[in-house]
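Asks: Here's a structure for you.
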Amino acid sequence: MDEEYDVIVLGTGLTECILSGLLSKEGKKVLHMDRNDYYGGESASLNLTQLYRKFRPDQTPPSELGRDRDYAVDLVPKFIIASGELTQILVHTEVTRYLEFKQIAGSFVYRDGRISKVPSTEMEAVKSPLMGLFEKRRAKKFFEFLQNWKDDDPSTHQGINLDKDSMKTIYEKFGLEPGTQDFIGHAMALYLDDDYITKPARATYDRIILYTSSMARYGKSPYIYPLYGLGELPQSFARLSAIYGGTYMLDKQIDEIVTDADGKFVGARSGDETVKAKQVIGDPSYFGAGRTSAGKIRVVEEGKVVRAICVLKHPIPGTDDSDSCQIIVPQNQVNRRNDIYVAMVSSTHNVCAKDVYLAIVSTVVETDKPELEIKPGLDLLGPIYDKFVSISSQYTPTSDGKADNIFITRSYDATSHFETVVEDVQDVWKRVTGTDLVLSKKEVEVQE
């Protein structure tokens, strides 16, 4: 370990693996280390033994759940938006050659005590119980307005300025009911809370167009998912890094981030070995996770997320026996500030044994009783065979890293997709290299 690298990357979460893959592809000499003996960090997919070891070290998995190797249980529930930024990175790097994708069968939204499918076709929209007949007409006009919008053609603007007018103004212009606003803002624009309503409408417009274009791409839902679990994503980017000369060391404890007299990064120490590099990138757990690291507070807690991994022996009731789905419980429906999400996958995705379903219920923690907060989501699942609850801190770096060459990524948030992960990748990339990340555009193949 006495040679010097351009970049040391600490932690094999998806954010770190994308960055190490991209940096290796750019010709950087990268050393990637992780304290765990598996890839993925906080975004890993675990087999049954690893799952029980993490949550219940004194218990062995019940034999009736089937074979250990049939399982790849995601720790963080997220889906890939078909037309989103992660898809662009997967295609740009050609990491898609290591992965196979399947569609998520449907997206559902909770309203007035029941769940309804988010329409994916015009026919479904006509039949949907989410709106009455007159509201459907108003909503149709709203969506036509968005689809026809052209920045350089004022005749499509109907007197609205997306960069100045708020979403509240636009909802009122089209006379949309609060329930419809909930549906648009939370089930389509995928906002966690209602703060967006008073802000300029441009960001919401972009999110709705992303959702509708993703929905149009493959049908049933706007989401795709990798076979064998989300842990396949970091592993595929690690493979990309290795092809371009990146070096990997798993099961390697990092004991110290070494800095010089000016506080600049010099290297990382593991035991009595120190490996040197010009820059370091890593997840918050390697930099004190809220405590001091090398005499500095490098990351601060912004909040917490509660997640419950639930093992079911049946599909979720009310989802037409879907083998996979997302359910959004908008915050207004359950008197909260943040939405509750349910993400469900099954043996169709090669992540569990036959006739087993894995549902993860999650939300942003708002009280001192986090498990009670996800109850509205848990109540939708029917009988739960087993449940593993975690509460994770959300860390964010205190500085941009340019002064000391220490670049820290963010924790995985409560959103149901990877768009914020890619924003973090783009942000760290720009801070590390000084240039914007430019991606090429192509299509992703999805299994029927």
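In the structure tokens, each chain is lettered A, B, ... as it comes, each chain's residues begin at 1, and ligands are numbered from 1 in order of appearance.
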List the neighbours of Phe237 of chain A out to 9 Å using only C-alpha atoms; skip same-chain residues closer than 4 positions along the sequence, and give me the result as JSON, numbers by chain.

Replies: {"A": [14, 17, 18, 19, 20, 21, 22, 90, 93, 95, 232, 233, 241, 242]}

Asks: For the selection you just gave me, I'd like the residues written to a file as an mmCIF file, in the first residue's frame, keeping N, CA, C and O atoms.

Replies:
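Dumped everything to result-v3.cif:
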```cif
data_model
loop_
_atom_site.group_PDB
_atom_site.id
_atom_site.type_symbol
_atom_site.label_atom_id
_atom_site.label_comp_id
_atom_site.auth_asym_id
_atom_site.auth_seq_id
_atom_site.Cartn_x
_atom_site.Cartn_y
_atom_site.Cartn_z
ATOM 1 N N LEU A 14 -23.671 3.413 -3.732
ATOM 2 C CA LEU A 14 -23.873 3.716 -5.153
ATOM 3 C C LEU A 14 -23.196 5.032 -5.548
ATOM 4 O O LEU A 14 -22.518 5.105 -6.570
ATOM 5 N N CYS A 17 -19.474 4.499 -5.825
ATOM 6 C CA CYS A 17 -19.095 3.601 -6.928
ATOM 7 C C CYS A 17 -19.269 4.269 -8.292
ATOM 8 O O CYS A 17 -18.464 4.068 -9.194
ATOM 9 N N ILE A 18 -20.329 5.079 -8.436
ATOM 10 C CA ILE A 18 -20.475 5.823 -9.700
ATOM 11 C C ILE A 18 -19.272 6.743 -9.883
ATOM 12 O O ILE A 18 -18.663 6.797 -10.961
ATOM 13 N N LEU A 19 -18.905 7.451 -8.820
ATOM 14 C CA LEU A 19 -17.777 8.389 -8.912
ATOM 15 C C LEU A 19 -16.468 7.669 -9.203
ATOM 16 O O LEU A 19 -15.685 8.109 -10.055
ATOM 17 N N SER A 20 -16.220 6.531 -8.546
ATOM 18 C CA SER A 20 -14.950 5.829 -8.802
ATOM 19 C C SER A 20 -14.930 5.274 -10.225
ATOM 20 O O SER A 20 -13.900 5.297 -10.901
ATOM 21 N N GLY A 21 -16.091 4.802 -10.709
ATOM 22 C CA GLY A 21 -16.163 4.318 -12.091
ATOM 23 C C GLY A 21 -15.885 5.420 -13.091
ATOM 24 O O GLY A 21 -15.086 5.260 -14.024
ATOM 25 N N LEU A 22 -16.534 6.569 -12.886
ATOM 26 C CA LEU A 22 -16.346 7.708 -13.809
ATOM 27 C C LEU A 22 -14.913 8.238 -13.760
ATOM 28 O O LEU A 22 -14.317 8.562 -14.796
ATOM 29 N N LEU A 90 -26.096 5.230 -16.490
ATOM 30 C CA LEU A 90 -25.965 3.795 -16.791
ATOM 31 C C LEU A 90 -25.652 3.577 -18.267
ATOM 32 O O LEU A 90 -24.801 2.763 -18.632
ATOM 33 N N THR A 93 -22.064 5.173 -19.408
ATOM 34 C CA THR A 93 -20.893 4.392 -18.976
ATOM 35 C C THR A 93 -20.917 2.965 -19.523
ATOM 36 O O THR A 93 -19.975 2.202 -19.321
ATOM 37 N N VAL A 95 -22.541 0.631 -18.363
ATOM 38 C CA VAL A 95 -22.673 -0.295 -17.236
ATOM 39 C C VAL A 95 -23.895 -1.204 -17.435
ATOM 40 O O VAL A 95 -23.999 -2.265 -16.834
ATOM 41 N N GLU A 232 -26.818 -4.511 -7.077
ATOM 42 C CA GLU A 232 -26.159 -4.759 -8.364
ATOM 43 C C GLU A 232 -25.616 -3.464 -8.974
ATOM 44 O O GLU A 232 -24.668 -3.494 -9.754
ATOM 45 N N LEU A 233 -26.250 -2.332 -8.641
ATOM 46 C CA LEU A 233 -25.823 -1.051 -9.239
ATOM 47 C C LEU A 233 -24.415 -0.664 -8.798
ATOM 48 O O LEU A 233 -23.529 -0.469 -9.653
ATOM 49 N N SER A 241 -14.956 0.547 -12.826
ATOM 50 C CA SER A 241 -13.724 1.122 -12.285
ATOM 51 C C SER A 241 -12.556 0.142 -12.436
ATOM 52 O O SER A 241 -11.462 0.516 -12.854
ATOM 53 N N ALA A 242 -12.810 -1.135 -12.117
ATOM 54 C CA ALA A 242 -11.752 -2.150 -12.191
ATOM 55 C C ALA A 242 -11.246 -2.333 -13.618
ATOM 56 O O ALA A 242 -10.041 -2.499 -13.855
#
```

Asks: Could you list, as a PyMOL selection string, every residue within 12 Å of segment 119-127 of chain A, counting only C-alpha atoms and ignoring same-chain residues fewer than 5 positions away?

Replies: chain A and resi 105-109+132-137+139-140+143+183-184+187-188+211-223

Asks: Rank nothing, just name the residue among A:Trp429, A:Phe287, A:Thr415, A:Arg239 nearest to Glu256 of chain A, using only C-alpha atoms.

Replies: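 Closest residue, counting only C-alpha atoms: A:Phe287.
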
Asks: Pick the closest to Lys150 of chain A from A:Arg307, A:Thr348, A:Tyr205, A:Val446: which is it, counting only C-alpha atoms?

Replies: A:Tyr205

Asks: Any chance you could tabulate, as a Markdown table, the residues of segment 165-269 of chain A at most 7 Å from segment 318-331 of chain A with each one's nearest atom pair and distance in Å to one decimal, using only C-alpha atoms, in chain and rising number order?

Replies:
```
| residue | atom | partner | partner_atom | distance |
| --- | --- | --- | --- | --- |
| A:Asp182 | CA | A:Pro330 | CA | 6.7 |
| A:His186 | CA | A:Pro330 | CA | 6.2 |
| A:Ala187 | CA | A:Ile328 | CA | 6.4 |
| A:Asp193 | CA | A:Gln331 | CA | 6.8 |
```

Asks: Of the residues A:Glu3, A:Thr87, A:Thr49, A:Lys173, which is the one nearest to Val422 of chain A, using only C-alpha atoms?

Replies: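 Checking each of A:Glu3, A:Thr87, A:Thr49, A:Lys173 against Val422 of chain A, counting only C-alpha atoms, the winner is A:Thr87.
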
Asks: Would you please give, as a ChimeraX atom specification, all residues of segment 13-131 of chain A that DSSP assigns to strand (DSSP E) based on the backbone?

Replies: /A:30-33,45-46,73-74,80-81,101-103,107-111,114-117

Asks: At a cut-off of 8 Å, using only C-alpha atoms, what residues contact segment 360-370 of chain A? Leave out same-chain residues fewer than 6 positions from it and give the result as a count of residues only.

Replies: 21

Asks: Could you state the separation of atom CA of Asn148 of chain A and atom CA of Leu439 of chain A in Å, given to one decimal place?

Replies: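 Computing it gives 26.6 Å between the two atoms.
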
Asks: Report the distance between atom CA of Pro397 of chain A and atom CA of Val280 of chain A in Å, rounded to one decimal place.

Replies: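 Computing it gives 13.5 Å between the two atoms.
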
Asks: Counting only C-alpha atoms, which of A:Tyr248, A:Phe101, A:Phe388, A:Phe407 gets nearest to Leu75 of chain A?

Replies: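 Checking each of A:Tyr248, A:Phe101, A:Phe388, A:Phe407 against Leu75 of chain A, counting only C-alpha atoms, the winner is A:Phe388.
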
Asks: So that I can see what lies close to Gly263 of chain A, please list as a short mmCIF file (atom, residue, chain, number, x, y, z; two decimals) with all heavy atoms, in the first residue's frame the residues with an atom at most 10 Å from it, counting only C-alpha atoms and leaving out residues fewer than 2 positions away in the same chain.

Replies:
```
data_model
loop_
_atom_site.label_atom_id
_atom_site.label_comp_id
_atom_site.auth_asym_id
_atom_site.auth_seq_id
_atom_site.Cartn_x
_atom_site.Cartn_y
_atom_site.Cartn_z
N VAL A 258 -5.63 10.96 7.30
CA VAL A 258 -4.37 11.66 7.63
C VAL A 258 -4.32 12.99 6.88
O VAL A 258 -4.52 13.05 5.67
CB VAL A 258 -3.15 10.78 7.25
CG1 VAL A 258 -1.86 11.48 7.69
CG2 VAL A 258 -3.26 9.40 7.88
N THR A 259 -4.04 14.07 7.64
CA THR A 259 -3.92 15.40 7.02
C THR A 259 -2.56 16.00 7.40
O THR A 259 -1.93 15.58 8.38
CB THR A 259 -5.03 16.35 7.50
OG1 THR A 259 -5.04 16.38 8.93
CG2 THR A 259 -6.41 15.89 7.03
N ASP A 260 -2.12 16.99 6.61
CA ASP A 260 -0.83 17.64 6.91
C ASP A 260 -1.04 18.81 7.87
O ASP A 260 -2.16 19.03 8.38
CB ASP A 260 -0.12 18.08 5.62
CG ASP A 260 -0.89 19.16 4.85
OD1 ASP A 260 -1.82 19.77 5.45
OD2 ASP A 260 -0.57 19.40 3.68
N ALA A 261 0.01 19.58 8.10
CA ALA A 261 -0.04 20.69 9.07
C ALA A 261 -1.10 21.73 8.69
O ALA A 261 -1.66 22.41 9.55
CB ALA A 261 1.34 21.34 9.18
N PHE A 265 -5.63 16.92 2.95
CA PHE A 265 -5.61 15.46 2.92
C PHE A 265 -4.27 14.92 2.43
O PHE A 265 -3.72 15.41 1.44
CB PHE A 265 -6.73 14.94 2.01
CG PHE A 265 -6.73 13.44 1.86
CD1 PHE A 265 -7.14 12.62 2.91
CD2 PHE A 265 -6.31 12.84 0.67
CE1 PHE A 265 -7.13 11.24 2.78
CE2 PHE A 265 -6.31 11.46 0.54
CZ PHE A 265 -6.72 10.66 1.59
N VAL A 266 -3.76 13.91 3.11
CA VAL A 266 -2.50 13.26 2.72
C VAL A 266 -2.74 11.80 2.39
O VAL A 266 -2.25 11.27 1.40
CB VAL A 266 -1.45 13.35 3.87
CG1 VAL A 266 -0.21 12.56 3.51
CG2 VAL A 266 -1.12 14.79 4.19
N ALA A 294 -10.53 13.99 12.74
CA ALA A 294 -9.26 14.72 12.64
C ALA A 294 -9.44 16.15 13.16
O ALA A 294 -8.99 17.13 12.54
CB ALA A 294 -8.75 14.72 11.20
N GLY A 295 -10.17 16.26 14.29
CA GLY A 295 -10.31 17.56 14.95
C GLY A 295 -11.34 18.49 14.34
O GLY A 295 -11.47 19.63 14.75
N LYS A 296 -12.09 18.03 13.34
CA LYS A 296 -13.08 18.89 12.69
C LYS A 296 -14.43 18.19 12.61
O LYS A 296 -14.49 16.99 12.48
CB LYS A 296 -12.64 19.19 11.24
CG LYS A 296 -11.59 20.27 11.12
CD LYS A 296 -11.26 20.55 9.67
CE LYS A 296 -12.31 21.38 8.97
NZ LYS A 296 -11.89 21.79 7.63
N ALA A 403 -10.80 23.11 -0.11
CA ALA A 403 -9.66 23.61 0.67
C ALA A 403 -8.77 22.48 1.18
O ALA A 403 -7.55 22.61 1.24
CB ALA A 403 -10.17 24.46 1.84
N ASP A 404 -9.37 21.34 1.56
CA ASP A 404 -8.57 20.26 2.15
C ASP A 404 -8.55 18.97 1.32
O ASP A 404 -7.99 17.96 1.73
CB ASP A 404 -9.05 19.95 3.58
CG ASP A 404 -10.55 19.67 3.64
OD1 ASP A 404 -11.15 19.43 2.58
OD2 ASP A 404 -11.11 19.68 4.76
N ASN A 405 -9.17 19.01 0.12
CA ASN A 405 -9.23 17.84 -0.77
C ASN A 405 -9.95 16.64 -0.14
O ASN A 405 -9.67 15.49 -0.46
CB ASN A 405 -7.82 17.42 -1.23
CG ASN A 405 -7.25 18.43 -2.21
OD1 ASN A 405 -7.99 18.98 -3.03
ND2 ASN A 405 -5.96 18.71 -2.10
N ILE A 406 -10.90 16.95 0.77
CA ILE A 406 -11.73 15.90 1.38
C ILE A 406 -13.17 16.14 0.91
O ILE A 406 -13.80 17.13 1.29
CB ILE A 406 -11.63 15.94 2.92
CG1 ILE A 406 -10.19 15.61 3.34
CG2 ILE A 406 -12.62 14.99 3.56
CD1 ILE A 406 -9.91 15.76 4.83
#
```

Asks: From the DSSP assignment of the backbone, select every residue of segment 127-350 of chain A that is helix (DSSP H, G or I), and format the answer as a ChimeraX atom specification.

Replies: /A:127,133-148,154-156,167-173,178-188,195-198,202-218,232-243,284-286,331-334,347-349

Asks: Using C-alpha atoms, can you write the selected residues to a file as an mmCIF file, in the first residue's frame?

Replies:
```cif
data_model
loop_
_atom_site.group_PDB
_atom_site.id
_atom_site.type_symbol
_atom_site.label_atom_id
_atom_site.label_comp_id
_atom_site.auth_asym_id
_atom_site.auth_seq_id
_atom_site.Cartn_x
_atom_site.Cartn_y
_atom_site.Cartn_z
ATOM 1 C CA LYS A 127 -61.864 4.897 -15.396
ATOM 2 C CA LEU A 133 -65.896 13.579 -14.210
ATOM 3 C CA PHE A 134 -65.665 17.392 -14.119
ATOM 4 C CA GLU A 135 -62.332 17.302 -12.287
ATOM 5 C CA LYS A 136 -60.977 14.913 -14.951
ATOM 6 C CA ARG A 137 -61.820 17.524 -17.596
ATOM 7 C CA ARG A 138 -60.015 20.230 -15.640
ATOM 8 C CA ALA A 139 -57.021 17.960 -15.062
ATOM 9 C CA LYS A 140 -56.934 17.072 -18.777
ATOM 10 C CA LYS A 141 -56.663 20.792 -19.615
ATOM 11 C CA PHE A 142 -53.853 21.163 -17.049
ATOM 12 C CA PHE A 143 -51.840 18.264 -18.523
ATOM 13 C CA GLU A 144 -52.429 19.457 -22.099
ATOM 14 C CA PHE A 145 -51.094 22.863 -21.043
ATOM 15 C CA LEU A 146 -47.906 21.218 -19.677
ATOM 16 C CA GLN A 147 -47.415 18.939 -22.701
ATOM 17 C CA ASN A 148 -47.926 21.797 -25.188
ATOM 18 C CA PRO A 154 -45.730 32.641 -25.805
ATOM 19 C CA SER A 155 -48.994 31.421 -27.367
ATOM 20 C CA THR A 156 -48.565 28.178 -25.341
ATOM 21 C CA MET A 167 -47.656 26.092 -8.570
ATOM 22 C CA LYS A 168 -50.426 27.450 -6.330
ATOM 23 C CA THR A 169 -51.190 30.065 -8.996
ATOM 24 C CA ILE A 170 -51.291 27.421 -11.736
ATOM 25 C CA TYR A 171 -53.463 25.006 -9.745
ATOM 26 C CA GLU A 172 -55.909 27.859 -9.098
ATOM 27 C CA LYS A 173 -55.914 28.912 -12.763
ATOM 28 C CA PRO A 178 -56.837 19.835 -3.235
ATOM 29 C CA GLY A 179 -56.979 16.043 -3.804
ATOM 30 C CA THR A 180 -55.861 16.499 -7.411
ATOM 31 C CA GLN A 181 -53.092 18.861 -6.328
ATOM 32 C CA ASP A 182 -51.943 16.175 -3.862
ATOM 33 C CA PHE A 183 -51.938 13.601 -6.632
ATOM 34 C CA ILE A 184 -49.978 15.793 -9.056
ATOM 35 C CA GLY A 185 -47.437 17.088 -6.525
ATOM 36 C CA HIS A 186 -46.790 13.816 -4.698
ATOM 37 C CA ALA A 187 -47.621 10.917 -7.050
ATOM 38 C CA MET A 188 -46.243 12.545 -10.222
ATOM 39 C CA ASP A 195 -43.129 23.263 0.216
ATOM 40 C CA TYR A 196 -43.053 23.222 -3.609
ATOM 41 C CA ILE A 197 -46.526 24.823 -3.915
ATOM 42 C CA THR A 198 -45.339 28.349 -3.098
ATOM 43 C CA ARG A 202 -40.516 25.467 -13.335
ATOM 44 C CA ALA A 203 -39.055 22.665 -11.161
ATOM 45 C CA THR A 204 -42.488 21.030 -10.782
ATOM 46 C CA TYR A 205 -43.104 21.303 -14.530
ATOM 47 C CA ASP A 206 -39.753 19.550 -15.177
ATOM 48 C CA ARG A 207 -40.617 16.789 -12.682
ATOM 49 C CA ILE A 208 -44.069 16.135 -14.179
ATOM 50 C CA ILE A 209 -42.641 15.984 -17.714
ATOM 51 C CA LEU A 210 -39.948 13.556 -16.473
ATOM 52 C CA TYR A 211 -42.672 11.404 -14.910
ATOM 53 C CA THR A 212 -44.951 11.384 -17.967
ATOM 54 C CA SER A 213 -42.077 10.724 -20.402
ATOM 55 C CA SER A 214 -40.869 7.867 -18.166
ATOM 56 C CA MET A 215 -44.396 6.465 -18.021
ATOM 57 C CA ALA A 216 -44.685 6.645 -21.815
ATOM 58 C CA ARG A 217 -41.372 4.873 -22.306
ATOM 59 C CA TYR A 218 -42.274 1.363 -21.178
ATOM 60 C CA GLU A 232 -26.159 -4.759 -8.364
ATOM 61 C CA LEU A 233 -25.823 -1.051 -9.239
ATOM 62 C CA PRO A 234 -22.760 -0.231 -7.079
ATOM 63 C CA GLN A 235 -21.172 -3.579 -8.035
ATOM 64 C CA SER A 236 -21.567 -2.801 -11.738
ATOM 65 C CA PHE A 237 -19.898 0.599 -11.366
ATOM 66 C CA ALA A 238 -17.144 -1.062 -9.310
ATOM 67 C CA ARG A 239 -16.607 -3.427 -12.240
ATOM 68 C CA LEU A 240 -16.372 -0.418 -14.559
ATOM 69 C CA SER A 241 -13.724 1.122 -12.285
ATOM 70 C CA ALA A 242 -11.752 -2.150 -12.191
ATOM 71 C CA ILE A 243 -11.769 -2.410 -15.996
ATOM 72 C CA PRO A 284 -20.255 10.369 5.917
ATOM 73 C CA SER A 285 -19.598 7.255 8.045
ATOM 74 C CA TYR A 286 -15.860 7.560 7.276
ATOM 75 C CA GLN A 331 -48.749 13.688 3.877
ATOM 76 C CA ASN A 332 -52.116 15.506 3.844
ATOM 77 C CA GLN A 333 -53.936 12.168 3.889
ATOM 78 C CA VAL A 334 -52.374 11.179 7.236
ATOM 79 C CA SER A 347 -39.235 -13.204 -6.711
ATOM 80 C CA THR A 348 -39.935 -11.887 -10.238
ATOM 81 C CA HIS A 349 -36.936 -9.599 -9.628
#
```

Asks: Could you pull the residues within 12 Å of Leu31 of chain A, counting only C-alpha atoms, minus those fewer than 4 positions along the same chain, as a VMD selection string?

Replies: chain A and resid 1 to 12 16 to 17 19 to 21 23 to 24 238 241 to 242 244 to 250 252 267 to 268 275 to 282
